[in-house]
Protein chains: 2
Amino acid sequence: MQFNTRTPVYLQVVDYFKKKMALGKLKAGDEMPSRRELANDLKINPNTVQKAFKEMEDQQLITTERNRPSRVTTDGTVLAQIRSEIVDDAVAVFVEAIQELDVSVDELVDKIKRQYKEGTYDDRSVGS
Amino acid sequence: MQFNTRTPVYLQVVDYFKKKMALGKLKAGDEMPSRRELANDLKINPNTVQKAFKEMEDQQLITTERNRPSRVTTDGTVLAQIRSEIVDDAVAVFVEAIQELDVSVDELVDKIKRQYKEGTYDDRSVGS
DNA sequence: CTAACTGTATTATTAGCGTAATACACTAAG
DNA sequence: CTTAGTGTATTACGCTAATAATACAGTTAG
């Protein structure tokens with residue numbers, strides 16, 4: 001995992017886990033990695049991880065019983081909203097950036113498709 | 001003009017002018033506002049404006065002869081690239097945020113159109 | 001039981017960046 | 001010439017995030 005400098009690392013960690021939940025790679029009730037272990041893996045300070053986990057708790061994405069590894073929430077409604085939150089936020093930022101520039105839908109779709117292809121990801125959803 | 005807290009103000013000022021140039025509201029050779037005047041209008045510190053102008057000079061968007069108001073570059077190739085830079089950057093950020101989430105083109109276009117409509121802007125390009 | 005692991009809390013320090021205050025040099029209009 | 005306006009440079013301040021070092025409390029595997 002690589003971080004960009006502009007966004008706080010702890011928020012990037014939050015987003016990282018949000019994506020995992022949205023993708024189903026982390027399911028309701030799954031155990032989260034230990035804070036110390038994750039900090040070691042990501043080569044960041046345990047306190048930064050702690051802040052990220054605190055943030056996720058505040059957002060009710062995870063729950064923690066005392067002195068037990070945190071777990072992904074079992075609240076289905078919360079989990080169900082994660083994906084749309086990510087997408088909606090991204091759309092809002094995107095439109096904010098290009099609005100007024102008179103970009104055609106065709107141009108947008110074309111560029112987005114192109115950008116997808118630069119990754120090595122499955123593009124069946126956007127690719128056709 | 002309103003600023004968000006996360007992005008540095010001076011970069012938001014740069015983007016503001018980039019958009020103006022991309023839209024043709026600022027044309028090649030046009031005089032830029034005075035740094036102090038602009039700072040006063042935007043209610044920000046003159047040094048913040050100075051930093052923004054310095055950034056625009058580094059990007060060759062404007063040129064300045066000593067003790068004269070800055071002017072929009074007359075370099076056509078630079079001006080021609082501004083719009084595509086803005087759009088491409090926005091697309092890159094956007095795709096980065098939602099890739100792997102398996103979002104269909106239809107869903108994206110639908111959401112983008114919706115978002116456009118929340119503004120009071122002319123949506124003839126994306127609206128149909 | 002004990003040892004090693006959980007999460008949590010507190011405090012301090014550091015580094016970087018954005019912002020601010022001020023002074024300087026030059027130009028141009030009156 | 002003088003004054004008010006340019007852009008420029010230097011220095012310092014303040015905030016935030018990240019790190020760091022500890023300490024504490026509880027659980028669990030051996």
# chains A, B, ... in the order shown; residues from 1 in each chain; ligands from 1
>>> residues_around(residues="range 16-30 of chain C", least_positions_apart="5", cutoff="8 Å", atoms="only C-alpha atoms (C1' of nucleotides)", output="count of residues only")
10
>>> select_by_dssp(residues="range 46-113 of chain B", states="alpha helix (DSSP H)", output="PDB file with C-alpha atoms, in the first residue's frame")
ATOM      1  CA  PRO B  46      -1.525  38.909  -0.531  1.00  0.00           C
ATOM      2  CA  ASN B  47       1.220  36.343  -0.047  1.00  0.00           C
ATOM      3  CA  THR B  48      -1.189  33.553  -0.723  1.00  0.00           C
ATOM      4  CA  VAL B  49      -2.050  35.201  -3.998  1.00  0.00           C
ATOM      5  CA  GLN B  50       1.632  35.712  -4.661  1.00  0.00           C
ATOM      6  CA  LYS B  51       2.256  32.029  -4.151  1.00  0.00           C
ATOM      7  CA  ALA B  52      -0.566  31.194  -6.512  1.00  0.00           C
ATOM      8  CA  PHE B  53       0.831  33.543  -9.165  1.00  0.00           C
ATOM      9  CA  LYS B  54       4.294  32.097  -8.678  1.00  0.00           C
ATOM     10  CA  GLU B  55       2.834  28.664  -9.236  1.00  0.00           C
ATOM     11  CA  MET B  56       1.101  29.819 -12.395  1.00  0.00           C
ATOM     12  CA  GLU B  57       4.345  31.283 -13.641  1.00  0.00           C
ATOM     13  CA  ASP B  58       6.130  28.014 -12.991  1.00  0.00           C
ATOM     14  CA  GLY B  76      -1.061  28.809 -27.599  1.00  0.00           C
ATOM     15  CA  THR B  77       0.090  25.288 -26.910  1.00  0.00           C
ATOM     16  CA  VAL B  78       0.094  25.902 -23.183  1.00  0.00           C
ATOM     17  CA  LEU B  79      -3.382  27.383 -23.253  1.00  0.00           C
ATOM     18  CA  ALA B  80      -4.685  24.586 -25.411  1.00  0.00           C
ATOM     19  CA  GLN B  81      -3.592  21.985 -22.890  1.00  0.00           C
ATOM     20  CA  ILE B  82      -5.228  23.517 -19.837  1.00  0.00           C
ATOM     21  CA  ARG B  83      -8.661  22.130 -20.416  1.00  0.00           C
ATOM     22  CA  SER B  84      -7.552  18.608 -21.111  1.00  0.00           C
ATOM     23  CA  GLU B  85      -5.259  18.727 -18.094  1.00  0.00           C
ATOM     24  CA  ILE B  86      -8.127  19.624 -15.821  1.00  0.00           C
ATOM     25  CA  VAL B  87     -10.370  16.946 -17.231  1.00  0.00           C
ATOM     26  CA  ASP B  88      -7.699  14.267 -17.324  1.00  0.00           C
ATOM     27  CA  ASP B  89      -6.641  14.954 -13.765  1.00  0.00           C
ATOM     28  CA  ALA B  90     -10.222  14.810 -12.580  1.00  0.00           C
ATOM     29  CA  VAL B  91     -10.809  11.559 -14.415  1.00  0.00           C
ATOM     30  CA  ALA B  92      -7.672  10.040 -12.943  1.00  0.00           C
ATOM     31  CA  VAL B  93      -8.694  10.922  -9.400  1.00  0.00           C
ATOM     32  CA  PHE B  94     -12.205   9.721 -10.048  1.00  0.00           C
ATOM     33  CA  VAL B  95     -11.247   6.360 -11.468  1.00  0.00           C
ATOM     34  CA  GLU B  96      -8.687   5.851  -8.745  1.00  0.00           C
ATOM     35  CA  ALA B  97     -11.438   6.299  -6.191  1.00  0.00           C
ATOM     36  CA  ILE B  98     -13.984   3.930  -7.667  1.00  0.00           C
ATOM     37  CA  VAL B 105     -21.190   2.928 -17.061  1.00  0.00           C
ATOM     38  CA  ASP B 106     -24.899   3.519 -16.821  1.00  0.00           C
ATOM     39  CA  GLU B 107     -24.717   4.024 -13.088  1.00  0.00           C
ATOM     40  CA  LEU B 108     -21.834   6.467 -13.468  1.00  0.00           C
ATOM     41  CA  VAL B 109     -23.432   8.521 -16.185  1.00  0.00           C
ATOM     42  CA  ASP B 110     -26.662   8.626 -14.265  1.00  0.00           C
ATOM     43  CA  LYS B 111     -24.997   9.825 -11.093  1.00  0.00           C
ATOM     44  CA  ILE B 112     -22.881  12.367 -12.915  1.00  0.00           C
ATOM     45  CA  LYS B 113     -25.891  13.825 -14.656  1.00  0.00           C
TER      46      LYS B 113
END
>>> interface_residues(of="chain C", to="chain A", cutoff="9 Å", atoms="only C-alpha atoms (C1' of nucleotides)", output="list in words")
DT6, DG7 and DT8 of chain C
>>> write_last_selection(atoms="C-alpha atoms (C1' of nucleotides)", output="mmCIF file, in the first residue's frame")
data_model
loop_
_atom_site.group_PDB
_atom_site.id
_atom_site.type_symbol
_atom_site.label_atom_id
_atom_site.label_comp_id
_atom_site.auth_asym_id
_atom_site.auth_seq_id
_atom_site.Cartn_x
_atom_site.Cartn_y
_atom_site.Cartn_z
ATOM 1 C "C1'" DT C 6 -5.024 -7.533 22.425
ATOM 2 C "C1'" DG C 7 -6.973 -2.336 22.626
ATOM 3 C "C1'" DT C 8 -6.546 2.242 24.941
#
>>> interface_residues(of="chain D", to="chain B", cutoff="10 Å", atoms="only C-alpha atoms (C1' of nucleotides)", output="JSON, numbers by chain")
{"D": [5, 6, 7, 8]}
>>> write_last_selection(atoms="N, CA and C atoms (P, O5', C5', C4', C3', O3' and C1' of nucleotides)", output="JSON list (two decimals), in the first residue's frame")
[["chain", "number", "residue", "atom", "x", "y", "z"],
["D", 5, "DG", "P", -3.31, 53.37, -4.45],
["D", 5, "DG", "O5'", -2.72, 52.21, -5.34],
["D", 5, "DG", "C5'", -3.01, 52.19, -6.73],
["D", 5, "DG", "C4'", -1.84, 51.63, -7.49],
["D", 5, "DG", "C3'", -1.54, 50.16, -7.24],
["D", 5, "DG", "O3'", -2.38, 49.34, -8.06],
["D", 5, "DG", "C1'", 0.46, 51.47, -7.50],
["D", 6, "DT", "P", -2.29, 47.79, -8.01],
["D", 6, "DT", "O5'", -1.16, 47.47, -9.08],
["D", 6, "DT", "C5'", -0.23, 46.52, -8.73],
["D", 6, "DT", "C4'", 0.90, 46.49, -9.71],
["D", 6, "DT", "C3'", 1.82, 45.30, -9.43],
["D", 6, "DT", "O3'", 1.40, 44.23, -10.22],
["D", 6, "DT", "C1'", 3.09, 47.28, -9.37],
["D", 7, "DG", "P", 1.09, 42.90, -9.56],
["D", 7, "DG", "O5'", 2.57, 42.31, -9.51],
["D", 7, "DG", "C5'", 3.35, 42.34, -10.71],
["D", 7, "DG", "C4'", 4.81, 42.20, -10.36],
["D", 7, "DG", "C3'", 5.18, 40.87, -9.70],
["D", 7, "DG", "O3'", 6.41, 40.39, -10.21],
["D", 7, "DG", "C1'", 5.83, 42.66, -8.30],
["D", 8, "DT", "P", 6.96, 39.03, -9.71],
["D", 8, "DT", "O5'", 7.86, 39.45, -8.47],
["D", 8, "DT", "C5'", 9.07, 40.15, -8.70],
["D", 8, "DT", "C4'", 9.85, 40.28, -7.40],
["D", 8, "DT", "C3'", 10.15, 38.94, -6.72],
["D", 8, "DT", "O3'", 11.56, 38.79, -6.66],
["D", 8, "DT", "C1'", 9.38, 40.56, -5.17]]
>>> atom_distance(atom1="CA of Asp30 in chain B", atom2="CA of Thr74 in chain B")
8.9 Å
>>> calpha_fit_and_write(fixed="chain B", moving="chain A", output="short mmCIF file (atom, residue, chain, number, x, y, z; two decimals) with N, CA and C atoms, in the first residue's frame")
data_model
loop_
_atom_site.label_atom_id
_atom_site.label_comp_id
_atom_site.auth_asym_id
_atom_site.auth_seq_id
_atom_site.Cartn_x
_atom_site.Cartn_y
_atom_site.Cartn_z
N MET A 1 -15.92 33.63 -3.92
CA MET A 1 -15.15 32.39 -3.98
C MET A 1 -14.97 31.81 -2.59
N GLN A 2 -15.29 30.51 -2.50
CA GLN A 2 -15.16 29.87 -1.19
C GLN A 2 -14.12 28.75 -1.25
N PHE A 3 -13.38 28.62 -0.18
CA PHE A 3 -12.29 27.65 -0.16
C PHE A 3 -12.65 26.46 0.71
N ASN A 4 -12.09 25.34 0.35
CA ASN A 4 -12.20 24.21 1.26
C ASN A 4 -10.92 24.15 2.08
N THR A 5 -11.00 23.49 3.21
CA THR A 5 -9.90 23.56 4.16
C THR A 5 -8.76 22.62 3.83
N ARG A 6 -9.08 21.56 3.09
CA ARG A 6 -8.07 20.52 2.94
C ARG A 6 -6.99 20.89 1.91
N THR A 7 -7.40 21.49 0.84
CA THR A 7 -6.43 21.89 -0.18
C THR A 7 -5.87 23.27 0.14
N PRO A 8 -4.56 23.45 -0.05
CA PRO A 8 -3.97 24.77 0.19
C PRO A 8 -4.68 25.85 -0.63
N VAL A 9 -4.90 26.98 0.00
CA VAL A 9 -5.64 28.06 -0.65
C VAL A 9 -4.96 28.49 -1.95
N TYR A 10 -3.63 28.57 -1.91
CA TYR A 10 -2.95 29.07 -3.10
C TYR A 10 -3.17 28.16 -4.31
N LEU A 11 -3.31 26.87 -4.05
CA LEU A 11 -3.58 25.94 -5.15
C LEU A 11 -5.01 26.08 -5.65
N GLN A 12 -5.90 26.40 -4.75
CA GLN A 12 -7.28 26.61 -5.16
C GLN A 12 -7.38 27.86 -6.03
N VAL A 13 -6.56 28.84 -5.71
CA VAL A 13 -6.55 30.05 -6.52
C VAL A 13 -6.03 29.71 -7.92
N VAL A 14 -4.99 28.90 -7.98
CA VAL A 14 -4.45 28.48 -9.27
C VAL A 14 -5.54 27.79 -10.10
N ASP A 15 -6.23 26.86 -9.47
CA ASP A 15 -7.28 26.13 -10.18
C ASP A 15 -8.38 27.07 -10.67
N TYR A 16 -8.68 28.04 -9.85
CA TYR A 16 -9.70 29.02 -10.20
C TYR A 16 -9.35 29.73 -11.51
N PHE A 17 -8.10 30.12 -11.63
CA PHE A 17 -7.69 30.82 -12.84
C PHE A 17 -7.53 29.86 -14.02
N LYS A 18 -7.12 28.67 -13.72
CA LYS A 18 -7.01 27.67 -14.79
C LYS A 18 -8.36 27.46 -15.45
N LYS A 19 -9.37 27.37 -14.62
CA LYS A 19 -10.71 27.18 -15.16
C LYS A 19 -11.12 28.36 -16.02
N LYS A 20 -10.81 29.55 -15.54
CA LYS A 20 -11.16 30.75 -16.30
C LYS A 20 -10.49 30.74 -17.66
N MET A 21 -9.25 30.29 -17.69
CA MET A 21 -8.53 30.23 -18.97
C MET A 21 -9.12 29.14 -19.86
N ALA A 22 -9.43 28.02 -19.26
CA ALA A 22 -9.99 26.92 -20.05
C ALA A 22 -11.33 27.32 -20.65
N LEU A 23 -12.04 28.19 -19.95
CA LEU A 23 -13.36 28.61 -20.41
C LEU A 23 -13.30 29.78 -21.37
N GLY A 24 -12.11 30.35 -21.52
CA GLY A 24 -12.00 31.50 -22.39
C GLY A 24 -12.42 32.81 -21.73
N LYS A 25 -12.71 32.74 -20.46
CA LYS A 25 -13.04 33.98 -19.75
C LYS A 25 -11.78 34.82 -19.56
N LEU A 26 -10.65 34.13 -19.57
CA LEU A 26 -9.35 34.81 -19.62
C LEU A 26 -8.64 34.34 -20.89
N LYS A 27 -8.33 35.29 -21.74
CA LYS A 27 -7.74 34.91 -23.03
C LYS A 27 -6.25 35.25 -23.07
N ALA A 28 -5.58 34.71 -24.06
CA ALA A 28 -4.16 34.96 -24.21
C ALA A 28 -3.86 36.45 -24.19
N GLY A 29 -2.93 36.84 -23.35
CA GLY A 29 -2.52 38.24 -23.27
C GLY A 29 -3.34 39.10 -22.33
N ASP A 30 -4.44 38.58 -21.84
CA ASP A 30 -5.26 39.36 -20.91
C ASP A 30 -4.48 39.73 -19.65
N GLU A 31 -4.81 40.88 -19.11
CA GLU A 31 -4.18 41.30 -17.87
C GLU A 31 -4.78 40.55 -16.68
N MET A 32 -3.91 40.11 -15.81
CA MET A 32 -4.38 39.49 -14.57
C MET A 32 -4.64 40.60 -13.56
N PRO A 33 -5.50 40.31 -12.60
CA PRO A 33 -5.71 41.33 -11.55
C PRO A 33 -4.44 41.53 -10.73
N SER A 34 -4.32 42.69 -10.16
CA SER A 34 -3.18 42.96 -9.27
C SER A 34 -3.23 42.03 -8.06
N ARG A 35 -2.07 41.65 -7.58
CA ARG A 35 -2.01 40.73 -6.45
C ARG A 35 -2.70 41.30 -5.21
N ARG A 36 -2.43 42.58 -4.97
CA ARG A 36 -3.03 43.20 -3.79
C ARG A 36 -4.55 43.31 -3.93
N GLU A 37 -4.96 43.70 -5.13
CA GLU A 37 -6.39 43.85 -5.38
C GLU A 37 -7.10 42.50 -5.21
N LEU A 38 -6.52 41.46 -5.80
CA LEU A 38 -7.14 40.14 -5.72
C LEU A 38 -7.19 39.64 -4.27
N ALA A 39 -6.10 39.85 -3.56
CA ALA A 39 -6.06 39.45 -2.16
C ALA A 39 -7.19 40.12 -1.39
N ASN A 40 -7.40 41.37 -1.70
CA ASN A 40 -8.46 42.12 -1.02
C ASN A 40 -9.83 41.55 -1.38
N ASP A 41 -10.02 41.26 -2.66
CA ASP A 41 -11.30 40.72 -3.11
C ASP A 41 -11.59 39.36 -2.48
N LEU A 42 -10.57 38.50 -2.45
CA LEU A 42 -10.77 37.14 -1.95
C LEU A 42 -10.63 37.05 -0.43
N LYS A 43 -10.30 38.18 0.17
CA LYS A 43 -10.12 38.22 1.63
C LYS A 43 -9.04 37.25 2.10
N ILE A 44 -7.99 37.19 1.33
CA ILE A 44 -6.86 36.37 1.75
C ILE A 44 -5.61 37.23 1.75
N ASN A 45 -4.55 36.68 2.28
CA ASN A 45 -3.32 37.42 2.41
C ASN A 45 -2.61 37.60 1.06
N PRO A 46 -2.07 38.79 0.82
CA PRO A 46 -1.35 39.03 -0.44
C PRO A 46 -0.27 38.00 -0.72
N ASN A 47 0.35 37.51 0.32
CA ASN A 47 1.41 36.52 0.11
C ASN A 47 0.86 35.20 -0.42
N THR A 48 -0.36 34.89 -0.05
CA THR A 48 -0.98 33.69 -0.56
C THR A 48 -1.24 33.84 -2.06
N VAL A 49 -1.70 35.02 -2.44
CA VAL A 49 -1.90 35.30 -3.86
C VAL A 49 -0.56 35.25 -4.59
N GLN A 50 0.43 35.83 -4.00
CA GLN A 50 1.75 35.84 -4.61
C GLN A 50 2.23 34.42 -4.88
N LYS A 51 1.98 33.55 -3.91
CA LYS A 51 2.39 32.16 -4.08
C LYS A 51 1.63 31.51 -5.23
N ALA A 52 0.38 31.82 -5.34
CA ALA A 52 -0.44 31.28 -6.42
C ALA A 52 0.08 31.77 -7.77
N PHE A 53 0.40 33.05 -7.84
CA PHE A 53 0.89 33.61 -9.11
C PHE A 53 2.26 33.02 -9.46
N LYS A 54 3.06 32.83 -8.44
CA LYS A 54 4.36 32.21 -8.66
C LYS A 54 4.18 30.82 -9.25
N GLU A 55 3.23 30.10 -8.70
CA GLU A 55 2.94 28.76 -9.19
C GLU A 55 2.47 28.80 -10.64
N MET A 56 1.65 29.77 -10.96
CA MET A 56 1.15 29.88 -12.33
C MET A 56 2.27 30.26 -13.29
N GLU A 57 3.20 31.04 -12.81
CA GLU A 57 4.35 31.37 -13.65
C GLU A 57 5.21 30.13 -13.89
N ASP A 58 5.40 29.36 -12.83
CA ASP A 58 6.18 28.13 -12.98
C ASP A 58 5.52 27.19 -13.99
N GLN A 59 4.20 27.23 -14.02
CA GLN A 59 3.47 26.38 -14.98
C GLN A 59 3.31 27.08 -16.32
N GLN A 60 3.90 28.25 -16.43
CA GLN A 60 3.88 29.03 -17.67
C GLN A 60 2.48 29.44 -18.11
N LEU A 61 1.61 29.59 -17.13
CA LEU A 61 0.25 30.03 -17.45
C LEU A 61 0.20 31.55 -17.59
N ILE A 62 1.05 32.22 -16.87
CA ILE A 62 1.10 33.68 -16.94
C ILE A 62 2.56 34.12 -17.09
N THR A 63 2.72 35.32 -17.57
CA THR A 63 4.06 35.90 -17.65
C THR A 63 4.01 37.28 -17.04
N THR A 64 5.14 37.72 -16.55
CA THR A 64 5.18 39.00 -15.88
C THR A 64 6.43 39.77 -16.27
N GLU A 65 6.22 40.96 -16.81
CA GLU A 65 7.35 41.87 -16.99
C GLU A 65 7.45 42.69 -15.71
N ARG A 66 8.65 43.01 -15.37
CA ARG A 66 8.89 43.64 -14.08
C ARG A 66 7.99 44.87 -13.84
N ASN A 67 7.38 44.82 -12.70
CA ASN A 67 6.55 45.92 -12.23
C ASN A 67 5.38 46.25 -13.14
N ARG A 68 4.94 45.26 -13.85
CA ARG A 68 3.75 45.41 -14.67
C ARG A 68 2.78 44.29 -14.26
N PRO A 69 1.51 44.54 -14.36
CA PRO A 69 0.56 43.45 -14.05
C PRO A 69 0.87 42.20 -14.86
N SER A 70 0.70 41.06 -14.25
CA SER A 70 0.93 39.80 -14.97
C SER A 70 -0.09 39.65 -16.09
N ARG A 71 0.29 38.88 -17.09
CA ARG A 71 -0.62 38.64 -18.21
C ARG A 71 -0.71 37.16 -18.50
N VAL A 72 -1.85 36.78 -19.02
CA VAL A 72 -2.03 35.40 -19.45
C VAL A 72 -1.07 35.12 -20.59
N THR A 73 -0.45 33.96 -20.55
CA THR A 73 0.51 33.62 -21.58
C THR A 73 -0.10 33.69 -22.97
N THR A 74 0.73 33.99 -23.95
CA THR A 74 0.25 33.98 -25.33
C THR A 74 0.66 32.70 -26.03
N ASP A 75 1.23 31.78 -25.25
CA ASP A 75 1.64 30.49 -25.80
C ASP A 75 0.41 29.62 -26.02
N GLY A 76 0.04 29.48 -27.24
CA GLY A 76 -1.19 28.77 -27.57
C GLY A 76 -1.18 27.32 -27.13
N THR A 77 -0.04 26.66 -27.25
CA THR A 77 0.01 25.25 -26.89
C THR A 77 -0.26 25.06 -25.39
N VAL A 78 0.28 25.99 -24.59
CA VAL A 78 0.04 25.89 -23.14
C VAL A 78 -1.45 26.05 -22.86
N LEU A 79 -2.04 27.08 -23.43
CA LEU A 79 -3.46 27.34 -23.20
C LEU A 79 -4.33 26.17 -23.65
N ALA A 80 -3.92 25.59 -24.77
CA ALA A 80 -4.74 24.51 -25.33
C ALA A 80 -4.74 23.28 -24.43
N GLN A 81 -3.68 23.15 -23.64
CA GLN A 81 -3.58 21.94 -22.81
C GLN A 81 -4.32 22.05 -21.49
N ILE A 82 -4.63 23.28 -21.10
CA ILE A 82 -5.21 23.48 -19.77
C ILE A 82 -6.47 22.67 -19.57
N ARG A 83 -7.35 22.79 -20.54
CA ARG A 83 -8.63 22.10 -20.39
C ARG A 83 -8.46 20.59 -20.24
N SER A 84 -7.68 20.03 -21.13
CA SER A 84 -7.52 18.58 -21.06
C SER A 84 -6.80 18.14 -19.80
N GLU A 85 -5.91 19.00 -19.32
CA GLU A 85 -5.24 18.68 -18.05
C GLU A 85 -6.25 18.59 -16.92
N ILE A 86 -7.12 19.58 -16.86
CA ILE A 86 -8.13 19.59 -15.80
C ILE A 86 -8.99 18.33 -15.87
N VAL A 87 -9.46 18.05 -17.07
CA VAL A 87 -10.35 16.90 -17.24
C VAL A 87 -9.62 15.60 -16.94
N ASP A 88 -8.42 15.47 -17.50
CA ASP A 88 -7.68 14.22 -17.29
C ASP A 88 -7.36 13.99 -15.82
N ASP A 89 -6.95 15.05 -15.14
CA ASP A 89 -6.66 14.91 -13.72
C ASP A 89 -7.91 14.48 -12.96
N ALA A 90 -9.02 15.12 -13.29
CA ALA A 90 -10.27 14.79 -12.59
C ALA A 90 -10.66 13.34 -12.84
N VAL A 91 -10.50 12.90 -14.07
CA VAL A 91 -10.82 11.52 -14.41
C VAL A 91 -9.93 10.55 -13.64
N ALA A 92 -8.65 10.89 -13.57
CA ALA A 92 -7.72 10.00 -12.88
C ALA A 92 -8.10 9.84 -11.41
N VAL A 93 -8.39 10.96 -10.76
CA VAL A 93 -8.79 10.91 -9.35
C VAL A 93 -10.08 10.12 -9.20
N PHE A 94 -10.98 10.38 -10.11
CA PHE A 94 -12.29 9.73 -10.04
C PHE A 94 -12.17 8.21 -10.17
N VAL A 95 -11.47 7.79 -11.19
CA VAL A 95 -11.34 6.35 -11.42
C VAL A 95 -10.59 5.69 -10.26
N GLU A 96 -9.57 6.38 -9.79
CA GLU A 96 -8.82 5.86 -8.64
C GLU A 96 -9.75 5.58 -7.46
N ALA A 97 -10.72 6.47 -7.29
CA ALA A 97 -11.61 6.35 -6.13
C ALA A 97 -12.61 5.21 -6.27
N ILE A 98 -13.07 4.95 -7.47
CA ILE A 98 -14.16 3.98 -7.62
C ILE A 98 -13.75 2.68 -8.30
N GLN A 99 -12.50 2.61 -8.73
CA GLN A 99 -12.12 1.40 -9.45
C GLN A 99 -12.20 0.21 -8.50
N GLU A 100 -12.40 -0.92 -9.01
CA GLU A 100 -12.59 -2.16 -8.25
C GLU A 100 -13.99 -2.27 -7.69
N LEU A 101 -14.76 -1.19 -7.74
CA LEU A 101 -16.09 -1.25 -7.13
C LEU A 101 -17.14 -1.76 -8.10
N ASP A 102 -16.73 -2.05 -9.33
CA ASP A 102 -17.66 -2.67 -10.26
C ASP A 102 -18.87 -1.79 -10.54
N VAL A 103 -18.59 -0.55 -10.89
CA VAL A 103 -19.68 0.37 -11.19
C VAL A 103 -19.95 0.35 -12.69
N SER A 104 -21.18 0.23 -13.06
CA SER A 104 -21.51 0.17 -14.48
C SER A 104 -21.48 1.56 -15.10
N VAL A 105 -21.23 1.59 -16.39
CA VAL A 105 -21.20 2.87 -17.09
C VAL A 105 -22.52 3.60 -16.94
N ASP A 106 -23.59 2.86 -17.06
CA ASP A 106 -24.90 3.49 -16.94
C ASP A 106 -25.08 4.17 -15.59
N GLU A 107 -24.64 3.47 -14.56
CA GLU A 107 -24.78 4.04 -13.22
C GLU A 107 -23.97 5.32 -13.11
N LEU A 108 -22.77 5.29 -13.64
CA LEU A 108 -21.90 6.47 -13.56
C LEU A 108 -22.52 7.66 -14.29
N VAL A 109 -22.89 7.42 -15.52
CA VAL A 109 -23.45 8.51 -16.32
C VAL A 109 -24.68 9.08 -15.64
N ASP A 110 -25.49 8.19 -15.12
CA ASP A 110 -26.70 8.64 -14.44
C ASP A 110 -26.37 9.54 -13.25
N LYS A 111 -25.44 9.10 -12.45
CA LYS A 111 -25.08 9.88 -11.26
C LYS A 111 -24.43 11.20 -11.64
N ILE A 112 -23.61 11.15 -12.66
CA ILE A 112 -22.93 12.38 -13.08
C ILE A 112 -23.95 13.40 -13.58
N LYS A 113 -24.87 12.93 -14.37
CA LYS A 113 -25.91 13.83 -14.87
C LYS A 113 -26.68 14.45 -13.72
N ARG A 114 -27.04 13.61 -12.79
CA ARG A 114 -27.78 14.09 -11.62
C ARG A 114 -27.00 15.19 -10.89
N GLN A 115 -25.73 14.91 -10.69
CA GLN A 115 -24.90 15.85 -9.95
C GLN A 115 -24.81 17.19 -10.69
N TYR A 116 -24.73 17.10 -11.99
CA TYR A 116 -24.68 18.34 -12.78
C TYR A 116 -25.92 19.18 -12.51
N LYS A 117 -27.03 18.53 -12.45
CA LYS A 117 -28.30 19.25 -12.31
C LYS A 117 -28.44 19.94 -10.97
N GLU A 118 -27.63 19.51 -10.00
CA GLU A 118 -27.71 20.17 -8.70
C GLU A 118 -27.16 21.58 -8.75
N GLY A 119 -26.30 21.84 -9.73
CA GLY A 119 -25.83 23.21 -9.91
C GLY A 119 -26.83 23.98 -10.75
N THR A 120 -26.57 25.26 -10.93
CA THR A 120 -27.48 26.05 -11.75
C THR A 120 -26.87 26.27 -13.12
N TYR A 121 -25.96 25.34 -13.49
CA TYR A 121 -25.19 25.56 -14.68
C TYR A 121 -25.86 25.01 -15.92
N ASP A 122 -25.43 25.50 -17.04
CA ASP A 122 -25.86 25.01 -18.32
C ASP A 122 -25.45 23.55 -18.46
N ASP A 123 -26.40 22.69 -18.67
CA ASP A 123 -26.07 21.27 -18.71
C ASP A 123 -26.34 20.68 -20.08
N ARG A 124 -26.26 21.51 -21.09
CA ARG A 124 -26.60 20.97 -22.40
C ARG A 124 -25.62 19.89 -22.85
N SER A 125 -24.37 19.98 -22.36
CA SER A 125 -23.38 19.01 -22.83
C SER A 125 -23.55 17.64 -22.19
N VAL A 126 -23.86 17.64 -20.94
CA VAL A 126 -23.99 16.38 -20.25
C VAL A 126 -25.46 15.99 -20.10
N GLY A 127 -26.31 16.91 -20.32
CA GLY A 127 -27.72 16.67 -20.07
C GLY A 127 -28.40 15.86 -21.15
N SER A 128 -27.77 15.69 -22.25
CA SER A 128 -28.46 14.93 -23.29
C SER A 128 -27.48 14.19 -24.17
#
